[in-house]
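This is run.txt. It holds compact mmCIF, C-alpha atoms and all ligand atoms.
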# COMPACT_ATOMS: atom_id res chain seq x y z
CA MET A 1106 -16.00 10.95 -21.19
CA SER A 1107 -15.46 14.61 -20.36
CA TYR A 1108 -11.68 14.58 -20.82
CA GLU A 1109 -9.35 13.11 -23.40
CA LEU A 1110 -7.36 10.02 -22.53
CA LEU A 1111 -3.69 9.92 -23.45
CA THR A 1112 -2.33 7.38 -25.90
CA VAL A 1113 1.21 6.41 -26.83
CA GLU A 1114 0.75 8.60 -29.91
CA THR A 1115 -0.46 11.72 -28.07
CA VAL A 1116 1.90 11.81 -25.07
CA ALA A 1117 4.68 13.77 -26.84
CA GLY A 1118 2.25 16.47 -27.95
CA TYR A 1119 0.71 16.61 -24.49
CA VAL A 1120 4.06 17.05 -22.75
CA ALA A 1121 4.90 19.90 -25.15
CA THR A 1122 1.80 21.78 -23.93
CA ARG A 1123 2.76 21.63 -20.24
CA PRO A 1124 4.87 24.58 -19.04
CA ALA A 1125 6.01 22.65 -15.95
CA LEU A 1126 7.56 20.00 -18.21
CA ALA A 1127 9.30 22.37 -20.64
CA SER A 1128 12.74 21.64 -19.16
CA PHE A 1129 12.52 18.01 -20.34
CA GLY A 1130 12.54 19.03 -24.02
CA ALA A 1131 10.92 17.04 -26.80
CA VAL A 1132 9.66 13.51 -26.11
CA SER A 1133 11.08 10.93 -28.53
CA GLN A 1134 9.82 7.59 -27.17
CA VAL A 1135 6.73 6.53 -25.23
CA ARG A 1136 5.52 3.23 -23.86
CA GLU A 1137 2.45 2.35 -21.80
CA VAL A 1138 3.37 0.32 -18.74
CA GLY A 1139 0.27 0.45 -16.53
CA ASP A 1140 -0.49 -2.92 -14.99
CA GLY A 1141 -2.48 -1.86 -11.94
CA ASN A 1142 -6.22 -1.86 -11.42
CA LEU A 1143 -6.97 1.77 -12.11
CA ASN A 1144 -4.79 3.97 -14.31
CA LEU A 1145 -2.96 4.59 -17.57
CA VAL A 1146 0.79 4.89 -17.03
CA PHE A 1147 3.24 6.06 -19.71
CA VAL A 1148 7.02 6.19 -19.59
CA ALA A 1149 8.28 8.98 -21.84
CA VAL A 1150 11.89 9.48 -22.91
CA ALA A 1151 12.65 13.13 -23.57
CA GLU A 1152 15.71 15.12 -24.64
CA ARG A 1153 16.76 15.89 -21.07
CA GLY A 1154 15.57 12.85 -19.14
CA GLY A 1155 12.67 10.53 -18.64
CA LEU A 1156 9.36 11.07 -16.94
CA VAL A 1157 6.25 9.09 -16.14
CA LEU A 1158 2.72 10.27 -16.86
CA LYS A 1159 -0.07 8.74 -14.83
CA GLN A 1160 -3.62 9.41 -15.97
CA ALA A 1161 -6.71 8.39 -14.02
CA LEU A 1162 -9.40 6.57 -15.94
CA PRO A 1163 -12.98 7.37 -14.89
CA TYR A 1164 -13.58 3.68 -14.29
CA VAL A 1165 -11.72 0.69 -12.89
CA ARG A 1166 -9.23 -0.36 -15.56
CA VAL A 1167 -9.83 -4.05 -14.97
CA ASP A 1168 -13.65 -3.60 -14.81
CA PRO A 1169 -14.84 -0.70 -17.01
CA THR A 1170 -18.43 -1.12 -15.74
CA TRP A 1171 -17.25 0.14 -12.33
CA PRO A 1172 -17.08 3.96 -12.30
CA ILE A 1173 -14.49 5.64 -10.09
CA THR A 1174 -13.72 9.30 -9.73
CA PRO A 1175 -10.75 10.60 -11.75
CA GLU A 1176 -10.39 13.32 -9.09
CA ARG A 1177 -8.22 10.78 -7.28
CA ASN A 1178 -5.41 11.88 -9.59
CA GLY A 1179 -5.39 15.35 -8.04
CA ILE A 1180 -5.61 13.80 -4.57
CA GLU A 1181 -2.59 11.68 -5.43
CA GLY A 1182 -0.67 14.69 -6.74
CA ARG A 1183 -1.30 16.69 -3.58
CA ALA A 1184 -0.40 13.78 -1.30
CA LEU A 1185 2.74 13.09 -3.29
CA ARG A 1186 3.90 16.69 -2.88
CA VAL A 1187 3.36 16.40 0.88
CA HIS A 1188 5.16 13.06 1.07
CA ASN A 1189 8.06 14.46 -0.94
CA ARG A 1190 8.33 17.26 1.60
CA VAL A 1191 8.28 15.04 4.69
CA ALA A 1192 9.95 11.91 3.26
CA PRO A 1193 12.24 13.05 0.42
CA GLY A 1194 13.95 10.24 -1.47
CA LEU A 1195 11.38 7.67 -0.37
CA VAL A 1196 8.71 8.53 -2.99
CA PRO A 1197 8.93 9.61 -6.64
CA GLU A 1198 9.35 13.32 -7.29
CA ILE A 1199 6.37 15.09 -8.82
CA TYR A 1200 6.82 17.60 -11.65
CA ASP A 1201 3.31 18.50 -12.75
CA ALA A 1202 -0.39 17.98 -12.00
CA ASP A 1203 -3.09 18.62 -14.59
CA PRO A 1204 -6.57 18.80 -13.03
CA ASP A 1205 -8.30 19.01 -16.43
CA ARG A 1206 -6.88 15.82 -17.92
CA HIS A 1207 -6.34 14.11 -14.53
CA VAL A 1208 -2.66 13.55 -15.22
CA ILE A 1209 0.36 13.78 -12.94
CA ALA A 1210 3.93 13.78 -14.21
CA ILE A 1211 6.39 12.08 -11.88
CA GLU A 1212 9.95 10.84 -11.71
CA ASP A 1213 10.93 8.02 -14.04
CA LEU A 1214 12.12 5.14 -11.86
CA SER A 1215 12.57 2.65 -14.69
CA ASP A 1216 15.85 1.56 -13.12
CA HIS A 1217 13.77 0.17 -10.23
CA ARG A 1218 11.34 -2.74 -10.30
CA VAL A 1219 8.14 -3.54 -8.42
CA TRP A 1220 9.00 -5.25 -5.15
CA ARG A 1221 6.20 -7.83 -5.39
CA GLY A 1222 7.70 -9.28 -8.57
CA ALA A 1223 11.16 -9.42 -7.02
CA LEU A 1224 9.80 -11.17 -3.93
CA ASN A 1225 7.94 -13.65 -6.14
CA GLU A 1226 11.26 -14.53 -7.76
CA GLY A 1227 12.85 -15.15 -4.35
CA LEU A 1228 15.04 -12.05 -4.52
CA ARG A 1229 16.19 -10.25 -1.39
CA HIS A 1230 16.53 -6.49 -1.45
CA GLU A 1231 18.11 -5.77 1.91
CA GLY A 1232 17.17 -2.47 3.52
CA VAL A 1233 13.88 -1.98 1.67
CA ALA A 1234 11.68 -3.02 4.59
CA ALA A 1235 13.48 -0.67 6.99
CA ALA A 1236 13.35 2.19 4.47
CA LEU A 1237 9.60 1.72 4.19
CA GLY A 1238 9.33 1.84 7.99
CA ARG A 1239 11.21 5.16 7.89
CA TYR A 1240 8.85 6.39 5.18
CA VAL A 1241 5.80 5.55 7.30
CA ALA A 1242 7.43 7.24 10.31
CA ARG A 1243 8.29 10.44 8.45
CA VAL A 1244 4.75 10.68 7.08
CA ALA A 1245 3.29 9.78 10.49
CA PHE A 1246 5.26 12.53 12.17
CA GLY A 1247 5.28 15.22 9.50
CA THR A 1248 1.57 15.17 8.64
CA SER A 1249 0.13 14.58 12.13
CA VAL A 1250 -0.41 16.66 15.24
CA PHE A 1251 3.15 15.76 16.17
CA GLY A 1252 4.71 17.63 13.27
CA LEU A 1253 1.96 20.12 12.45
CA GLY A 1254 0.43 20.94 15.82
CA ALA A 1255 -3.29 20.77 16.53
CA LYS A 1256 -4.47 23.56 14.22
CA GLY A 1257 -2.09 22.62 11.42
CA HIS A 1258 -3.31 19.03 11.58
CA LYS A 1259 -6.96 20.10 11.36
CA ALA A 1260 -6.24 22.40 8.44
CA ALA A 1261 -4.32 19.69 6.58
CA LEU A 1262 -7.03 17.15 7.25
CA THR A 1263 -9.69 19.25 5.56
CA THR A 1264 -7.63 19.47 2.35
CA ALA A 1265 -6.92 15.75 2.09
CA THR A 1266 -10.19 13.85 2.24
CA ASN A 1267 -10.55 10.92 -0.15
CA PRO A 1268 -14.02 9.46 0.52
CA GLU A 1269 -14.48 7.53 -2.71
CA LEU A 1270 -11.22 5.62 -2.53
CA CYS A 1271 -11.65 5.08 1.20
CA GLU A 1272 -15.00 3.50 0.40
CA ILE A 1273 -13.25 1.05 -1.92
CA THR A 1274 -11.00 0.00 0.94
CA GLU A 1275 -13.87 -0.14 3.41
CA ASP A 1276 -15.76 -2.46 1.07
CA LEU A 1277 -12.96 -4.56 -0.43
CA VAL A 1278 -10.81 -4.99 2.66
CA PHE A 1279 -13.19 -4.90 5.59
CA THR A 1280 -16.62 -5.97 4.31
CA GLU A 1281 -16.79 -8.05 1.14
CA PRO A 1282 -14.43 -10.85 2.26
CA TYR A 1283 -16.73 -11.41 5.24
CA ILE A 1284 -20.02 -11.69 3.32
CA THR A 1285 -21.25 -13.45 0.22
CA HIS A 1286 -20.30 -11.05 -2.58
CA GLU A 1287 -19.96 -11.26 -6.35
CA HIS A 1288 -16.43 -9.88 -6.11
CA ASN A 1289 -15.24 -12.88 -4.11
CA ARG A 1290 -13.41 -15.55 -6.09
CA ILE A 1291 -12.84 -18.69 -4.08
CA LEU A 1292 -11.56 -22.01 -5.37
CA PRO A 1293 -13.94 -24.90 -4.51
CA ALA A 1294 -11.24 -26.49 -2.37
CA ASN A 1295 -10.98 -23.30 -0.30
CA VAL A 1296 -14.70 -22.71 0.32
CA ALA A 1297 -14.60 -24.35 3.75
CA ASP A 1298 -11.38 -22.49 4.68
CA VAL A 1299 -12.92 -19.13 3.83
CA ALA A 1300 -16.16 -19.94 5.65
CA ALA A 1301 -14.27 -21.02 8.78
CA TYR A 1302 -12.21 -17.82 8.72
CA ALA A 1303 -14.93 -15.34 7.80
CA ASN A 1304 -17.55 -16.79 10.16
CA ASP A 1305 -15.28 -17.06 13.18
CA PRO A 1306 -16.84 -14.67 15.77
CA ASP A 1307 -13.40 -13.62 17.05
CA VAL A 1308 -12.24 -12.85 13.52
CA ARG A 1309 -15.39 -10.87 12.79
CA ALA A 1310 -15.08 -8.87 16.02
CA ALA A 1311 -11.44 -8.01 15.34
CA ILE A 1312 -12.13 -7.05 11.72
CA GLY A 1313 -15.06 -4.89 12.83
CA ALA A 1314 -12.83 -3.07 15.30
CA ALA A 1315 -10.15 -2.62 12.63
CA LYS A 1316 -12.73 -1.19 10.23
CA LEU A 1317 -13.84 1.31 12.86
CA ALA A 1318 -10.23 2.38 13.37
CA PHE A 1319 -9.82 2.79 9.61
CA LEU A 1320 -12.99 4.91 9.48
CA THR A 1321 -12.24 7.16 12.42
CA HIS A 1322 -8.53 7.44 13.30
CA ALA A 1323 -7.55 10.50 11.25
CA GLU A 1324 -3.96 10.52 12.46
CA ALA A 1325 -1.79 11.26 9.44
CA LEU A 1326 -1.84 11.54 5.64
CA ILE A 1327 -1.08 7.86 5.18
CA HIS A 1328 -0.30 6.14 1.86
CA GLY A 1329 -3.49 4.10 2.12
CA ASP A 1330 -2.51 1.21 -0.17
CA LEU A 1331 1.05 0.32 0.79
CA HIS A 1332 1.28 -3.23 -0.53
CA THR A 1333 4.44 -4.64 -2.08
CA GLY A 1334 3.09 -3.74 -5.54
CA SER A 1335 3.20 -0.08 -4.45
CA VAL A 1336 6.95 -0.20 -3.82
CA LEU A 1337 9.76 0.19 -6.33
CA VAL A 1338 13.12 -1.27 -5.44
CA ARG A 1339 16.70 -1.22 -6.66
CA ASP A 1340 19.83 -2.15 -4.77
CA GLY A 1341 20.14 0.58 -2.15
CA SER A 1342 16.85 2.31 -2.99
CA ALA A 1343 13.17 1.93 -2.11
CA ARG A 1344 10.34 4.22 -3.16
CA ALA A 1345 6.68 4.01 -2.23
CA PHE A 1346 4.46 5.03 -5.15
CA ASP A 1347 0.79 5.06 -6.16
CA VAL A 1348 -0.52 7.23 -3.31
CA GLU A 1349 -4.00 7.71 -4.79
CA PHE A 1350 -5.58 6.08 -1.73
CA ALA A 1351 -3.93 8.64 0.58
CA PHE A 1352 -6.15 10.07 3.29
CA TYR A 1353 -6.03 11.04 6.94
CA GLY A 1354 -6.12 7.60 8.51
CA PRO A 1355 -4.44 5.35 11.08
CA VAL A 1356 -0.65 5.10 10.80
CA GLY A 1357 -0.84 1.39 11.57
CA PHE A 1358 -2.71 0.81 8.32
CA ASP A 1359 0.39 1.36 6.19
CA LEU A 1360 2.54 -0.85 8.44
CA GLY A 1361 -0.15 -3.53 8.46
CA ALA A 1362 -0.43 -3.40 4.67
CA LEU A 1363 3.27 -4.19 4.38
CA TRP A 1364 3.12 -6.95 6.98
CA GLY A 1365 0.07 -8.53 5.34
CA ASN A 1366 1.83 -8.57 2.01
CA TYR A 1367 4.96 -10.09 3.56
CA ALA A 1368 2.67 -12.89 4.76
CA LEU A 1369 1.37 -13.39 1.20
CA ALA A 1370 4.91 -13.52 -0.21
CA ALA A 1371 5.93 -15.97 2.51
CA ALA A 1372 2.92 -18.22 1.84
CA ARG A 1373 4.00 -18.41 -1.78
CA ALA A 1374 7.56 -19.27 -0.80
CA VAL A 1375 6.39 -22.00 1.60
CA VAL A 1376 4.27 -23.83 -0.97
CA LEU A 1377 7.13 -23.57 -3.46
CA GLY A 1378 9.40 -25.22 -0.90
CA ASP A 1379 11.63 -22.19 -0.32
CA ASP A 1380 11.52 -22.04 3.48
CA ALA A 1381 14.59 -19.82 3.66
CA HIS A 1382 12.92 -17.16 1.52
CA ALA A 1383 9.72 -17.40 3.57
CA ALA A 1384 11.71 -16.84 6.76
CA TRP A 1385 13.56 -13.90 5.22
CA VAL A 1386 10.33 -12.27 4.03
CA LEU A 1387 8.64 -12.66 7.41
CA ALA A 1388 11.72 -11.22 9.13
CA GLN A 1389 11.08 -8.04 7.14
CA ALA A 1390 8.13 -7.34 9.46
CA GLU A 1391 10.61 -6.69 12.27
CA GLU A 1392 12.83 -4.65 9.92
CA THR A 1393 9.91 -2.42 8.93
CA TRP A 1394 8.82 -1.99 12.53
CA ARG A 1395 12.34 -1.15 13.67
CA GLY A 1396 12.80 1.34 10.81
CA PHE A 1397 9.50 2.95 11.80
CA ALA A 1398 10.07 3.02 15.56
CA GLU A 1399 13.66 4.29 15.32
CA GLU A 1400 12.83 7.04 12.85
CA PHE A 1401 9.76 8.12 14.80
CA THR A 1402 11.80 8.15 18.02
CA ARG A 1403 14.44 10.28 16.29
CA LEU A 1404 11.78 12.79 15.21
CA TRP A 1405 9.92 12.79 18.53
CA PRO A 1406 11.88 15.58 20.31
CA GLY A 1407 10.76 17.99 17.57
CA ARG A 1408 7.04 17.46 18.18
CA ALA A 1409 4.86 20.54 18.19
CA ASP A 1410 3.35 19.95 21.64
CA PRO A 1411 5.61 18.29 24.21
CA ARG A 1412 2.66 17.72 26.57
CA ILE A 1413 1.17 15.18 24.20
CA ILE A 1414 0.93 11.36 24.76
CA GLY A 1415 4.17 9.56 25.64
CA LEU A 1416 6.27 8.06 22.86
CA ASP A 1417 6.03 4.48 24.11
CA SER A 1418 2.23 4.65 24.40
CA TRP A 1419 1.99 6.01 20.88
CA LEU A 1420 4.21 3.32 19.40
CA ALA A 1421 2.29 0.62 21.28
CA GLN A 1422 -1.00 1.94 19.92
CA VAL A 1423 0.28 2.02 16.33
CA TYR A 1424 1.56 -1.53 16.72
CA ALA A 1425 -1.76 -2.75 18.12
CA ASP A 1426 -3.58 -1.16 15.17
CA ALA A 1427 -1.15 -2.57 12.60
CA VAL A 1428 -1.54 -6.25 13.51
CA PRO A 1429 -5.25 -6.64 12.63
CA PHE A 1430 -4.75 -4.45 9.57
CA ALA A 1431 -2.06 -6.91 8.42
CA ALA A 1432 -4.54 -9.74 8.74
CA ALA A 1433 -7.26 -7.84 6.88
CA LYS A 1434 -4.90 -6.90 4.06
CA ALA A 1435 -3.63 -10.45 3.62
CA ALA A 1436 -7.06 -12.10 3.78
CA ARG A 1437 -8.71 -9.75 1.28
CA ARG A 1438 -6.16 -10.73 -1.37
CA VAL A 1439 -7.08 -14.42 -1.14
CA ILE A 1440 -10.86 -13.99 -0.88
CA GLY A 1441 -12.03 -10.84 -2.59
CA PHE A 1442 -11.53 -8.53 -5.56
CA SER A 1443 -7.98 -7.82 -6.65
CA ALA A 1444 -5.97 -10.96 -6.15
CA VAL A 1445 -2.17 -10.75 -6.14
CA SER A 1446 0.39 -12.48 -8.33
CA ASP A 1447 2.10 -14.04 -5.30
CA ILE A 1448 -0.88 -16.40 -5.06
CA GLU A 1449 -2.59 -16.13 -8.46
CA SER A 1450 0.43 -17.26 -10.46
CA LEU A 1451 0.71 -20.54 -8.51
CA PRO A 1452 -0.62 -23.80 -9.96
CA GLU A 1453 -4.07 -24.53 -8.54
CA ASP A 1454 -3.03 -27.20 -6.05
CA LEU A 1455 -0.38 -24.91 -4.55
CA ARG A 1456 -2.75 -21.98 -4.63
CA VAL A 1457 -5.25 -23.91 -2.52
CA ARG A 1458 -2.56 -24.58 0.06
CA ALA A 1459 -1.33 -20.99 0.00
CA VAL A 1460 -4.83 -19.55 0.46
CA ARG A 1461 -5.48 -21.91 3.35
CA SER A 1462 -2.26 -20.95 5.07
CA VAL A 1463 -2.74 -17.20 4.52
CA LEU A 1464 -6.14 -17.46 6.21
CA ALA A 1465 -4.63 -19.41 9.09
CA GLY A 1466 -1.97 -16.72 9.44
CA ALA A 1467 -4.56 -13.95 9.33
CA ARG A 1468 -6.60 -15.70 12.00
CA LEU A 1469 -3.55 -15.93 14.22
CA LEU A 1470 -2.83 -12.22 13.81
CA LEU A 1471 -6.42 -11.35 14.69
CA THR A 1472 -6.91 -13.67 17.63
CA ALA A 1473 -3.48 -14.11 19.24
CA PRO A 1474 -1.40 -11.01 18.48
CA GLY A 1475 0.94 -11.45 21.46
CA PRO A 1476 2.68 -8.62 23.29
CA ARG A 1477 2.73 -5.17 21.71
CA GLY A 1478 5.85 -4.02 19.90
CA GLU A 1479 7.23 -7.49 19.22
CA PRO A 1480 6.77 -8.38 15.56
CA LYS A 1481 9.64 -10.87 15.51
CA PRO A 1482 8.03 -13.63 17.61
CA LEU A 1483 4.63 -12.87 16.14
CA PHE A 1484 5.75 -13.31 12.54
CA GLU A 1485 7.81 -16.36 13.49
CA ARG A 1486 4.54 -17.86 14.71
CA VAL A 1487 2.89 -16.80 11.45
CA GLY A 1488 5.70 -18.65 9.66
CA GLN A 1489 4.96 -21.79 11.67
CA VAL A 1490 1.26 -21.56 10.79
CA LEU A 1491 2.04 -21.03 7.10
CA ALA A 1492 4.18 -24.17 7.13
CA GLU A 1493 1.58 -26.44 8.82
C1 LIG A 1501 -11.05 -1.23 -7.50
S1 LIG A 1501 -9.48 -0.97 -6.92
C2 LIG A 1501 -8.96 -2.50 -6.29
C3 LIG A 1501 -7.73 -2.43 -5.47
O1 LIG A 1501 -6.66 -1.94 -6.25
C4 LIG A 1501 -5.86 -1.09 -5.46
O2 LIG A 1501 -4.53 -1.46 -5.53
C5 LIG A 1501 -6.39 -1.17 -4.05
O3 LIG A 1501 -5.72 -2.13 -3.28
C6 LIG A 1501 -7.80 -1.53 -4.28
O4 LIG A 1501 -8.42 -2.13 -3.18
MG MG A 1502 -2.32 1.04 -6.56
Using the file provided, produce a representation of the structure as structure tokens.
Ligand code: SR1
Ligand code: MG
Amino acid sequence: MSYELLTVETVAGYVATRPALASFGAVSQVREVGDGNLNLVFVAVAERGGLVLKQALPYVRVDPTWPITPERNGIEGRALRVHNRVAPGLVPEIYDADPDRHVIAIEDLSDHRVWRGALNEGLRHEGVAAALGRYVARVAFGTSVFGLGAKGHKAALTTATNPELCEITEDLVFTEPYITHEHNRILPANVADVAAYANDPDVRAAIGAAKLAFLTHAEALIHGDLHTGSVLVRDGSARAFDVEFAFYGPVGFDLGALWGNYALAAARAVVLGDDAHAAWVLAQAEETWRGFAEEFTRLWPGRADPRIIGLDSWLAQVYADAVPFAAAKAARRVIGFSAVSDIESLPEDLRVRAVRSVLAGARLLLTAPGPRGEPKPLFERVGQVLAE
């Protein structure tokens, strides 16, 4: 290891060495709260406020035999600064970035909680889904040719490549669930469901096209991993965090990630018998889309080049991209590496049913997406499939 990892004992001393954090004063309490797949995360209480330190490990936290570049921490820091500029109030503030120790210091949002956990408990945070749509829109506009112009977009693109983390997504989302792979963890009762889904020629064609879009559509500096575990919520507030997968990619990927995770949350609710919660969660797909489309439409008159593609065509293209991404993001969580608590925490018999229904929903999204720009009827149909 070429750099020193932080511990609860060393965080206070570390903060004291960072000029950018001097205004916080001395740290008196520290706790480690990281529960993701990749990083150490510390909440530090200091004299003049709290802060969070996120340090990249040089390997996957949940599988130390799997090396992964700690340079992602700097990539995250740079993306977070950009997202703060174009979408203030919708991401945590960033105070410091340390390229030697691969640490960023960001806003303490301990008064928020992770949205996935709240959804699992059947809680409804109204307005979050729309706020996330606005976040995606502000990033989509502010970091693309629309907000930056052609040369600005090219310049920004060259400073924001993230090939190693993109490769993780390419493998884990678009490839491994569709082949026999050691990462895949499938319950015996779901083997036939997974085979039927993953071997369906229409599914494979749609996933292949989605993967090509992910690889080639360098539209905006997207979040890159915008699942419900990457969102902090509180009444009246929503923040997207964990932008280490940020790269210049298709805008629809972030929307699809949210939609796919709504489907997972709804599948959980259905097998637990909470149909009202399932319907509410699936209705958030429309809320996110509306938040996105309205905010993007509001920003549109300020675009750098008015001779560019029409607004309606652009929105229709983003929508068409987002639907298969939603399917891919939902399916990977019930087949491949990195399962989610929505499904994993269910008793096995309910988990089998939930996995089966998620795959049926994903198949619907891939093979019968319906008219562009209409998530409401589409996700109502997903709800029907989940309930079958
Ligand atoms: C090896 S990283 C596994 C997953 O964790 C992150 O949250 C991303 O979704 C990634 O695919
Ligand atoms: Mg993450």
Worksheet entry | Within 12 Å of Ser1418 in chain A using only C-alpha atoms, minus same-chain residues under 4 positions, as a ChimeraX atom specification | /A:1398,1413-1414,1422-1425,1477-1478
Give me, as CSV, each residue of chain A that comes within 10 Å of ligand LIG 1501 (chain A), together with its shortest interatomic pair and the distance in Å at one decimal, counting all atoms listed in the file, with rows ordered by chain and rising residue number.
residue,atom,partner,partner_atom,distance
A:Gly1141,CA,A:LIG1501,O2,6.7
A:Asn1142,CA,A:LIG1501,O1,5.2
A:Leu1143,CA,A:LIG1501,S1,6.4
A:Tyr1164,CA,A:LIG1501,C1,8.8
A:Val1165,CA,A:LIG1501,C1,5.8
A:Arg1166,CA,A:LIG1501,C1,8.3
A:Val1167,CA,A:LIG1501,C1,8.1
A:Asp1168,CA,A:LIG1501,C1,8.1
A:Trp1171,CA,A:LIG1501,C1,8.0
A:Pro1172,CA,A:LIG1501,C1,9.3
A:Ile1173,CA,A:LIG1501,C1,8.1
A:Leu1270,CA,A:LIG1501,S1,8.1
A:Cys1271,CA,A:LIG1501,O4,9.0
A:Glu1272,CA,A:LIG1501,O4,9.4
A:Ile1273,CA,A:LIG1501,O4,5.9
A:Thr1274,CA,A:LIG1501,O4,5.3
A:Glu1275,CA,A:LIG1501,O4,8.8
A:Asp1276,CA,A:LIG1501,O4,8.5
A:Leu1277,CA,A:LIG1501,O4,5.8
A:Val1278,CA,A:LIG1501,O4,6.9
A:Gly1329,CA,A:LIG1501,O3,8.5
A:Asp1330,CA,A:LIG1501,O3,5.6
A:Leu1331,CA,A:LIG1501,O3,8.3
A:His1332,CA,A:LIG1501,O3,7.6
A:Gly1334,CA,A:LIG1501,O2,8.0
A:Ser1335,CA,A:LIG1501,O2,7.9
A:Asp1347,CA,A:LIG1501,O2,8.4
A:Val1348,CA,A:LIG1501,O2,9.8
A:Glu1349,CA,A:LIG1501,C4,9.0
A:Phe1350,CA,A:LIG1501,C5,7.7
A:Ala1362,CA,A:LIG1501,O3,9.6
A:Lys1434,CA,A:LIG1501,O3,8.8
A:Arg1437,CA,A:LIG1501,O4,8.8
A:Arg1438,CA,A:LIG1501,O3,8.8
A:Gly1441,CA,A:LIG1501,O4,9.4
A:Phe1442,CA,A:LIG1501,C2,6.6
A:Ser1443,CA,A:LIG1501,C2,5.4
A:Ala1444,CA,A:LIG1501,C3,8.7
A:Val1445,CA,A:LIG1501,O2,9.6
Worksheet entry | Among the residues A:Glu1400, A:Asp1203, A:Asp1213, A:Glu1181, the one that comes closest to ligand MG 1502 (chain A) [using all atoms listed in the file] | A:Glu1181
List the residues sitting within 12 Å of (-1.6, -11.1, 18.1) in the file's frame, using all atoms listed in the file, as a CSV table (one decimal) with C-alpha atoms, in the coordinates of the input.
chain,number,residue,atom,x,y,z
A,1308,VAL,CA,-12.2,-12.8,13.5
A,1311,ALA,CA,-11.4,-8.0,15.3
A,1424,TYR,CA,1.6,-1.5,16.7
A,1425,ALA,CA,-1.8,-2.8,18.1
A,1426,ASP,CA,-3.6,-1.2,15.2
A,1427,ALA,CA,-1.2,-2.6,12.6
A,1428,VAL,CA,-1.5,-6.2,13.5
A,1429,PRO,CA,-5.2,-6.6,12.6
A,1430,PHE,CA,-4.8,-4.4,9.6
A,1431,ALA,CA,-2.1,-6.9,8.4
A,1432,ALA,CA,-4.5,-9.7,8.7
A,1466,GLY,CA,-2.0,-16.7,9.4
A,1467,ALA,CA,-4.6,-14.0,9.3
A,1468,ARG,CA,-6.6,-15.7,12.0
A,1469,LEU,CA,-3.6,-15.9,14.2
A,1470,LEU,CA,-2.8,-12.2,13.8
A,1471,LEU,CA,-6.4,-11.4,14.7
A,1472,THR,CA,-6.9,-13.7,17.6
A,1473,ALA,CA,-3.5,-14.1,19.2
A,1474,PRO,CA,-1.4,-11.0,18.5
A,1475,GLY,CA,0.9,-11.4,21.5
A,1476,PRO,CA,2.7,-8.6,23.3
A,1477,ARG,CA,2.7,-5.2,21.7
A,1478,GLY,CA,5.8,-4.0,19.9
A,1479,GLU,CA,7.2,-7.5,19.2
A,1480,PRO,CA,6.8,-8.4,15.6
A,1481,LYS,CA,9.6,-10.9,15.5
A,1482,PRO,CA,8.0,-13.6,17.6
A,1483,LEU,CA,4.6,-12.9,16.1
A,1484,PHE,CA,5.8,-13.3,12.5
A,1485,GLU,CA,7.8,-16.4,13.5
A,1486,ARG,CA,4.5,-17.9,14.7
A,1487,VAL,CA,2.9,-16.8,11.4
For range 1184-1187 of chain A, list every protein, DNA or RNA residue within 10 Å, evaluated using only C-alpha atoms, and leave out those in the same chain fewer than 6 positions away; present the list as a CSV table (one decimal) with C-alpha atoms, in the coordinates of the input.
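And here is the file that came out, result-v7.csv:
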chain,number,residue,atom,x,y,z
A,1178,ASN,CA,-5.4,11.9,-9.6
A,1193,PRO,CA,12.2,13.0,0.4
A,1196,VAL,CA,8.7,8.5,-3.0
A,1197,PRO,CA,8.9,9.6,-6.6
A,1198,GLU,CA,9.4,13.3,-7.3
A,1199,ILE,CA,6.4,15.1,-8.8
A,1200,TYR,CA,6.8,17.6,-11.6
A,1209,ILE,CA,0.4,13.8,-12.9
A,1211,ILE,CA,6.4,12.1,-11.9
A,1244,VAL,CA,4.8,10.7,7.1
A,1247,GLY,CA,5.3,15.2,9.5
A,1248,THR,CA,1.6,15.2,8.6
A,1264,THR,CA,-7.6,19.5,2.4
A,1265,ALA,CA,-6.9,15.8,2.1
A,1326,LEU,CA,-1.8,11.5,5.6
A,1327,ILE,CA,-1.1,7.9,5.2
A,1328,HIS,CA,-0.3,6.1,1.9
A,1345,ALA,CA,6.7,4.0,-2.2
A,1346,PHE,CA,4.5,5.0,-5.2
A,1347,ASP,CA,0.8,5.1,-6.2
A,1348,VAL,CA,-0.5,7.2,-3.3
A,1349,GLU,CA,-4.0,7.7,-4.8
A,1350,PHE,CA,-5.6,6.1,-1.7
A,1351,ALA,CA,-3.9,8.6,0.6
A,1352,PHE,CA,-6.2,10.1,3.3
Discussion item. Using Å and a single decimal, report how far CA of Leu1126 in chain A sits from CA of Gly1341 in chain A.
Written reply: 28.2 Å
Practice prompt. Neighbourhood query: residues within 12 Å of (-7.6, -13.6, -1.8), file coordinates, counting only C-alpha atoms; return as a ChimeraX atom specification.
Written response: /A:1277-1278,1281-1283,1288-1292,1295-1296,1298-1299,1365-1366,1369,1432-1449,1456-1457,1459-1464,1467
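The shortest atom-to-atom distance to Leu1162 in chain A, with all atoms listed in the file taken into account, belongs to A:His1207 out of A:His1188, A:His1207, A:Arg1123, A:Arg1395.
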Item to complete: Counting all atoms listed in the file, figure out which residue out of A:Gly1139, A:Pro1406, A:Gly1488, A:Gly1252 gets nearest to ligand MG 1502 (chain A).
Response: A:Gly1139
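Taking CA of Val1132 in chain A as the reference point, CA of Ser1215 in chain A is found at 16.0 Å.
Residues within 8 Å of Val1241 in chain A, counting all atoms listed in the file and excluding same-chain residues fewer than 2 positions away, are A:Leu1237, A:Gly1238, A:Arg1239, A:Arg1243, A:Val1244, A:Ala1245, A:Ile1327, A:Val1356, A:Asp1359, A:Leu1360, A:Phe1397.
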Worksheet item: Between A:Ala1492, A:Val1219, A:Leu1262, A:Ala1294, which is the closest to Leu1377 in chain A once you count all atoms listed in the file?
Response: A:Ala1492
